[in-house]
Structure formats: C-alpha cells, structure tokens
2 protein chains.
Amino acid sequence: MIESVNATFENFVGQSQGLNEMAYQMVAHVLTLGYAVMLAALFYFILTIRTVAPKYRTSSVLSVVVMVSAFLLLFAQAGNWTSSFVFDAEKGKYFLGDGKDLFNNGYRYLNWLIDVPMLLFQILFVVSLTKSKPNSIRNQFWFSGAAMIITGYVGQYFEATNFTAYAIWGAISTVFFIHILILMKRVIKEGKEGIPASAQKTLNSIWVLFLISWMLYPGAYLMPHLAGIGVDGGLFNETGVVARQITYTIADVSSKVIYGVLLTVVARKLSVEEGYVEA
Amino acid sequence: MIESVNATFENFVGQSQGLNEMAYQMVAHVLTLGYAVMLAALFYFILTIRTVAPKYRTSSVLSVVVMVSAFLLLFAQAGNWTSSFVFDAEKGKYFLGDGKDLFNNGYRYLNWLIDVPMLLFQILFVVSLTKSKPNSIRNQFWFSGAAMIITGYVGQYFEATNFTAYAIWGAISTVFFIHILILMKRVIKEGKEGIPASAQKTLNSIWVLFLISWMLYPGAYLMPHLAGIGVDGGLFNETGVVARQITYTIADVSSKVIYGVLLTVVARKLSVEEGYVEA
C-alpha cells in the first residue's frame, strides 16, 4: 500500500488523496479547542479548591495535574498537525509536506500515561470504600491503566501498515480496559453506600459519563478501519481523519474536565453534609 | 568514523543509518511527556504546600524550583529533537537535517546543575540528623553533586568520537556519584531514628527509589556503548537512541517528581504526629 512511509492513518490520507480545506481546518480548530478547554479548566479547578473540605482537595489537585499535562500535550499535538501538512495550490488540497514532520497521535497516548492513573486515582479521594482496600484498588488501577496505554500506543503505529499487529495490540489493551471498567463499577457501587441521595445521584452520572467517554477511545483507535482505509479516493477516509480528532476531543473533555467537575460536586455535597463551611 | 561532525550518539545514528518513524516519534513523545510531567507536578507541589507544617514547606519549595528548571530544559530538549531531524520521504526515515541544529543532551546536564543540589538539599528539610552536622552534609552534597554533573557533561561530548576521554570523565564523575550515595544512605539512616514507623517505611522507599533512579543516569551515559555504536546498519543503534531518552525520562520522573511526592508524604506524617491540622 505504502512503501516509503510507515504511515499512520492521517499520513496515509495526507499522502495519497490529501485533505480538503474544510477537513484540514476542522482538525486544526478542534485540536485548538481541546487545549483551550484544558487551560480554562485548570483555572476552574484551582479556584474552586477551597469549596470542599481539606480531605477532598486532593481530587482537585489531581484534576489540575491532568489539566496541565493535557494542555501541553494537546498543544504539541496541534503544532504537530499544522507543521505536517502543506497546502498545494495546484491541487487545491493539503498534503503531507516534503521534508516536514509526520503527524502522529502518539503525543496523546503518552499524555494518557499521566492522565489515566491520575483520573482513576482521583475518585478514591472522594468516595469511601466499604469493602475493597483502597491500596489494592489503586495499584490495580495504575497497573492496568499503564498497561492499557502502552499496548495501545504500540498498536497505533501499525494501524495503516500491519493489521494483525494492530489488532493484537488493540485486543491486549482492551483486556486491561475491561479490568478498569470492572474496578470503577465496584468503586462507584461501594462509594454510594451511606452518602446523601443527591451525592449518590451524581455518582451515578459519573459512572454513565465514565462508561461512555472512555468507550470513545477504542472507537478512535479503530477509526481508520471504520473509515475504510485503503479505499482509494474514498471521501470517507478524509472524513475519518476529522471524525477521529473530534472523537478524541469529545472524549478528552468528558473524561477529564466534566468528570473532574462532577467529582468536585460530589465532594462539595459530602463537605456540606459534614458541616464544612468555606472560609 | 565521522570527519565533519563532533558527533554525539544521536547525531551519529541520525547521520549514518537514520531513524525510522517509530523511533523518531517515540523520542518526540517521550520528551514531550517529560516536560508535561514537570509542569503538572509544579502545580501539585504548589497546591499541596499547606498540607504540611511550616517547617517542612521548604522541601515543597525546592521541588517547585526543580520542576520549573526541569520543565524549561526538557522543553528546550524536545524542541532540539524535532528541529534536528528531518523526514526523508524517499528513504522513509528521519535523518539529521542539512543546515539544521545538531542534537545534544547537554541541555539535560546543565539542568542537573540546578536540580541535583536542590534534590539533595531538599531531604535535609524533612529529616532530622542525629549525628552528622547538616551544614557539613549539605556542603558535601553540593560539592560532589556539581562535580559529578560537570565532569559528566564534559565526558558526553566524547561519547562517539574519543572513547578514552569519554571513559575517564565518566569514571571521575562516578567517584562523586558514589560519594553522594554514601552520604544519602547516612542521611536516611539517621533520619529514621525516633520517627513513626509509617514515616520510616516511606523513608525506606525513598532510599530504594533514590538508588534505582539515580543509577539510571550512568546507564544512559553508557547507552551508546551498550547499544553498540559503530555497528553499521545495526538496528540496535536506533533502539539505543530511543532507549536512552526513555531511560532519561523514567529517571527524571522518579528522581525528581516521585521523590518529591514521597518527601511530602513523610513531611505530612511528621506534621500529623506533631499535631498540625490544615486549615
């Protein structure tokens, strides 16, 4: 299919059929939206830290850690996009530039090496576990979180060139993902015991949000094949490139920002219940 | 071997055999991960400073100093990487770009001139020495820390061109390194006396972490020779380039961030023991 480039999806499309102006611009804008949301939310989490009792504040601190790292990585990813593709005035499309950098989603993956353990760890500072041991849950979260990311990271290098390697790495990553879902389900179930009904309700929302937003990532991993990579001249390839970056951005905002805000809401309800008053 | 370039390992590989897409990208991502962790942890240390009693806060302040300097230097290092290598579409690999900057790990070394004394100094604000004089330990830490870095910095210029100079400077650097290990072992041993068992346990973890993470640096220094520099066309050279940057990043995150977090944990346990309550 491609001889010279060990291409990822975006490079394959950008080299073979090119990206029309709308597709190229939408991705540039969506990536920029992504890092802007992270920096904005960073300030939100810093400024609301004292609205919860001291014991819950680590959750906000971890949200701040996630926002900083996500901001920087998405900023690098956006720069990677604009420095990889060049507008060809004759053909009226953007193509992979000669002597330019190639585009790669790997910045995201290595960002998740920070974010995923932090996001999973974070909820343990808000809920109280009734049966499970927090240390055991935390270690399992970290192990499976890191394993899920690293295997997915390796797999994405093969998305356009070696379907077998890509599918095997993806399948291994999915096993760890399922383990995380099972753990999170248990954490939320135990966390709901003995807390006010309105906080229980918010925890239910967190579970639904977690399930949906984290499922978007395997969807984005599979996108090249959902979009029919290799179908020459197919419009759907170009659309797939845009769809993948939009999917990533929705997933990032939901699983990092909205998740963190909802955890702050739960912590605030528990703080009020315990008689905490902000000074 | 190379006439025109006073080559370091990365430049040698990038000039002779080139780097495939995965190798180039992995280094770019790992370097980006590195500076993102530092900025994220900067916020962590600022936001958790009041969780420990005032007398322990200097440790957090020094972590902040280390994070700022490491962030900036790693940011420069990452920019150095992406601006040094250029994708050659014909050969399908990244090569040292014509008229571009050369890559050099020296940014890291000069960063350590700030970080190493700060990291060593930092623990003296958390532990209480029972026999040694803090001033004496501090001065020895600073002297040997600076000497270790400067000699290593000079040595790394010769890694690909003059094995004798490279080995001699490396050996001198190692002598200072061993002196630091002996001092740190003593500090931790004395620091464990008379403090709560759980704080002792964390200090033990700090010693193990210190030993392993600081040992990674000489490993990275030796990497070109572990990786078989000069073995023409050997895949292992390319692998060595990636392995070195991954090693550096793991070492940086462990010896700066996790070390700082564990010191905060010790300080928090001692603060609680002394009756400190966060407002």
# chains A, B, ... in the order shown; residues from 1 in each chain; ligands from 1
>>> interface_residues(of="chain B", to="chain A", cutoff="9 Å", atoms="only C-alpha atoms", output="number ranges by chain")
B: 20-22, 25-26, 28-30, 32-33, 35-44, 47-48, 51, 82, 85-93, 97, 278-279
>>> residues_around(residues="A:Ser205", least_positions_apart="6", cutoff="10 Å", atoms="only C-alpha atoms", output="NGL selection string")
:A and (199 or 211 or 259 or 262)
>>> write_last_selection(atoms="N, CA and C atoms", output="JSON list (two decimals), in the first residue's frame")
[["chain", "number", "residue", "atom", "x", "y", "z"],
["A", 199, "ALA", "N", -25.85, 13.07, 46.42],
["A", 199, "ALA", "CA", -24.47, 12.70, 46.07],
["A", 199, "ALA", "C", -24.46, 11.35, 45.35],
["A", 211, "LEU", "N", -18.30, 5.53, 31.52],
["A", 211, "LEU", "CA", -18.51, 4.42, 30.58],
["A", 211, "LEU", "C", -18.53, 4.94, 29.14],
["A", 259, "TYR", "N", -15.78, 15.02, 34.14],
["A", 259, "TYR", "CA", -15.56, 14.04, 35.22],
["A", 259, "TYR", "C", -15.02, 14.73, 36.48],
["A", 262, "LEU", "N", -17.69, 16.93, 38.12],
["A", 262, "LEU", "CA", -18.70, 16.13, 38.84],
["A", 262, "LEU", "C", -18.13, 15.58, 40.15]]
>>> select_by_dssp(residues="stretch 98-219 of chain A", states="alpha helix (DSSP H)", output="PyMOL selection string")
chain A and resi 106-122+134-156+163-191+197-219
>>> atom_distance(atom1="atom CA of A:Lys269", atom2="atom CA of A:Glu190")
17.1 Å
>>> residues_around(residues="B:Ser128", least_positions_apart="5", cutoff="10 Å", atoms="only C-alpha atoms", output="list in words")
Ile123, Pro134, Val187, Ile188, Glu190, Gly191, Lys192, Glu193, Gly194 and Ile195 of chain B
>>> closest_residue(among="A:Tyr56, A:Tyr94, A:Trp207, A:Trp214", to="A:Val116", atoms="only C-alpha atoms")
A:Trp214
>>> select_by_dssp(residues="stretch 30-260 of chain A", states="strand (DSSP E)", output="NGL selection string")
:A and (85-88 or 93-96)
>>> atom_distance(atom1="atom CA of A:Leu263", atom2="atom CA of A:Pro218")
24.0 Å
>>> closest_residue(among="A:Phe12, A:Tyr217, A:Trp81, A:Phe210", to="A:Gly260", atoms="only C-alpha atoms")
A:Phe210
>>> decode(residues="stretch 198-218 of chain B", atoms="N, CA, C and O atoms", output="PDB file, in the first residue's frame")
ATOM      1  N   SER B 198       5.430   4.389  60.182  1.00  0.00           N
ATOM      2  CA  SER B 198       4.954   4.539  58.802  1.00  0.00           C
ATOM      3  C   SER B 198       5.819   5.548  58.046  1.00  0.00           C
ATOM      4  O   SER B 198       6.038   5.417  56.837  1.00  0.00           O
ATOM      5  N   ALA B 199       6.337   6.554  58.758  1.00  0.00           N
ATOM      6  CA  ALA B 199       7.253   7.511  58.118  1.00  0.00           C
ATOM      7  C   ALA B 199       8.594   6.843  57.818  1.00  0.00           C
ATOM      8  O   ALA B 199       9.224   7.114  56.784  1.00  0.00           O
ATOM      9  N   GLN B 200       9.023   5.938  58.717  1.00  0.00           N
ATOM     10  CA  GLN B 200      10.255   5.170  58.482  1.00  0.00           C
ATOM     11  C   GLN B 200      10.135   4.349  57.204  1.00  0.00           C
ATOM     12  O   GLN B 200      11.076   4.271  56.405  1.00  0.00           O
ATOM     13  N   LYS B 201       8.953   3.755  57.043  1.00  0.00           N
ATOM     14  CA  LYS B 201       8.715   2.920  55.865  1.00  0.00           C
ATOM     15  C   LYS B 201       8.816   3.747  54.579  1.00  0.00           C
ATOM     16  O   LYS B 201       9.415   3.313  53.589  1.00  0.00           O
ATOM     17  N   THR B 202       8.261   4.941  54.621  1.00  0.00           N
ATOM     18  CA  THR B 202       8.333   5.805  53.434  1.00  0.00           C
ATOM     19  C   THR B 202       9.778   6.217  53.162  1.00  0.00           C
ATOM     20  O   THR B 202      10.208   6.279  52.001  1.00  0.00           O
ATOM     21  N   LEU B 203      10.554   6.477  54.228  1.00  0.00           N
ATOM     22  CA  LEU B 203      11.970   6.816  54.035  1.00  0.00           C
ATOM     23  C   LEU B 203      12.732   5.647  53.397  1.00  0.00           C
ATOM     24  O   LEU B 203      13.607   5.856  52.557  1.00  0.00           O
ATOM     25  N   ASN B 204      12.376   4.429  53.798  1.00  0.00           N
ATOM     26  CA  ASN B 204      12.978   3.261  53.147  1.00  0.00           C
ATOM     27  C   ASN B 204      12.672   3.244  51.649  1.00  0.00           C
ATOM     28  O   ASN B 204      13.556   2.966  50.830  1.00  0.00           O
ATOM     29  N   SER B 205      11.423   3.533  51.313  1.00  0.00           N
ATOM     30  CA  SER B 205      11.053   3.572  49.896  1.00  0.00           C
ATOM     31  C   SER B 205      11.847   4.652  49.173  1.00  0.00           C
ATOM     32  O   SER B 205      12.247   4.473  48.011  1.00  0.00           O
ATOM     33  N   ILE B 206      12.058   5.792  49.838  1.00  0.00           N
ATOM     34  CA  ILE B 206      12.813   6.883  49.213  1.00  0.00           C
ATOM     35  C   ILE B 206      14.240   6.430  48.904  1.00  0.00           C
ATOM     36  O   ILE B 206      14.780   6.725  47.831  1.00  0.00           O
ATOM     37  N   TRP B 207      14.841   5.673  49.823  1.00  0.00           N
ATOM     38  CA  TRP B 207      16.202   5.189  49.581  1.00  0.00           C
ATOM     39  C   TRP B 207      16.262   4.259  48.371  1.00  0.00           C
ATOM     40  O   TRP B 207      17.124   4.415  47.493  1.00  0.00           O
ATOM     41  N   VAL B 208      15.316   3.328  48.298  1.00  0.00           N
ATOM     42  CA  VAL B 208      15.285   2.401  47.156  1.00  0.00           C
ATOM     43  C   VAL B 208      15.060   3.174  45.856  1.00  0.00           C
ATOM     44  O   VAL B 208      15.753   2.964  44.850  1.00  0.00           O
ATOM     45  N   LEU B 209      14.109   4.101  45.893  1.00  0.00           N
ATOM     46  CA  LEU B 209      13.831   4.921  44.715  1.00  0.00           C
ATOM     47  C   LEU B 209      15.057   5.720  44.295  1.00  0.00           C
ATOM     48  O   LEU B 209      15.397   5.801  43.109  1.00  0.00           O
ATOM     49  N   PHE B 210      15.716   6.311  45.274  1.00  0.00           N
ATOM     50  CA  PHE B 210      16.900   7.130  45.008  1.00  0.00           C
ATOM     51  C   PHE B 210      17.980   6.293  44.325  1.00  0.00           C
ATOM     52  O   PHE B 210      18.519   6.669  43.280  1.00  0.00           O
ATOM     53  N   LEU B 211      18.246   5.144  44.924  1.00  0.00           N
ATOM     54  CA  LEU B 211      19.296   4.264  44.416  1.00  0.00           C
ATOM     55  C   LEU B 211      19.018   3.848  42.972  1.00  0.00           C
ATOM     56  O   LEU B 211      19.872   3.976  42.085  1.00  0.00           O
ATOM     57  N   ILE B 212      17.814   3.371  42.726  1.00  0.00           N
ATOM     58  CA  ILE B 212      17.488   2.879  41.383  1.00  0.00           C
ATOM     59  C   ILE B 212      17.443   4.024  40.375  1.00  0.00           C
ATOM     60  O   ILE B 212      18.042   3.950  39.300  1.00  0.00           O
ATOM     61  N   SER B 213      16.755   5.115  40.727  1.00  0.00           N
ATOM     62  CA  SER B 213      16.554   6.163  39.718  1.00  0.00           C
ATOM     63  C   SER B 213      17.862   6.897  39.402  1.00  0.00           C
ATOM     64  O   SER B 213      18.106   7.248  38.248  1.00  0.00           O
ATOM     65  N   TRP B 214      18.714   7.084  40.397  1.00  0.00           N
ATOM     66  CA  TRP B 214      19.984   7.765  40.119  1.00  0.00           C
ATOM     67  C   TRP B 214      20.942   6.867  39.349  1.00  0.00           C
ATOM     68  O   TRP B 214      21.788   7.354  38.607  1.00  0.00           O
ATOM     69  N   MET B 215      20.823   5.554  39.520  1.00  0.00           N
ATOM     70  CA  MET B 215      21.656   4.617  38.761  1.00  0.00           C
ATOM     71  C   MET B 215      21.306   4.624  37.268  1.00  0.00           C
ATOM     72  O   MET B 215      22.108   4.191  36.431  1.00  0.00           O
ATOM     73  N   LEU B 216      20.090   5.082  36.934  1.00  0.00           N
ATOM     74  CA  LEU B 216      19.700   5.099  35.520  1.00  0.00           C
ATOM     75  C   LEU B 216      20.526   6.102  34.715  1.00  0.00           C
ATOM     76  O   LEU B 216      20.743   5.915  33.518  1.00  0.00           O
ATOM     77  N   TYR B 217      21.007   7.158  35.394  1.00  0.00           N
ATOM     78  CA  TYR B 217      21.758   8.190  34.658  1.00  0.00           C
ATOM     79  C   TYR B 217      23.089   7.679  34.106  1.00  0.00           C
ATOM     80  O   TYR B 217      23.382   7.889  32.924  1.00  0.00           O
ATOM     81  N   PRO B 218      23.932   7.035  34.944  1.00  0.00           N
ATOM     82  CA  PRO B 218      25.132   6.434  34.340  1.00  0.00           C
ATOM     83  C   PRO B 218      24.781   5.416  33.253  1.00  0.00           C
ATOM     84  O   PRO B 218      25.505   5.288  32.255  1.00  0.00           O
TER      85      PRO B 218
END
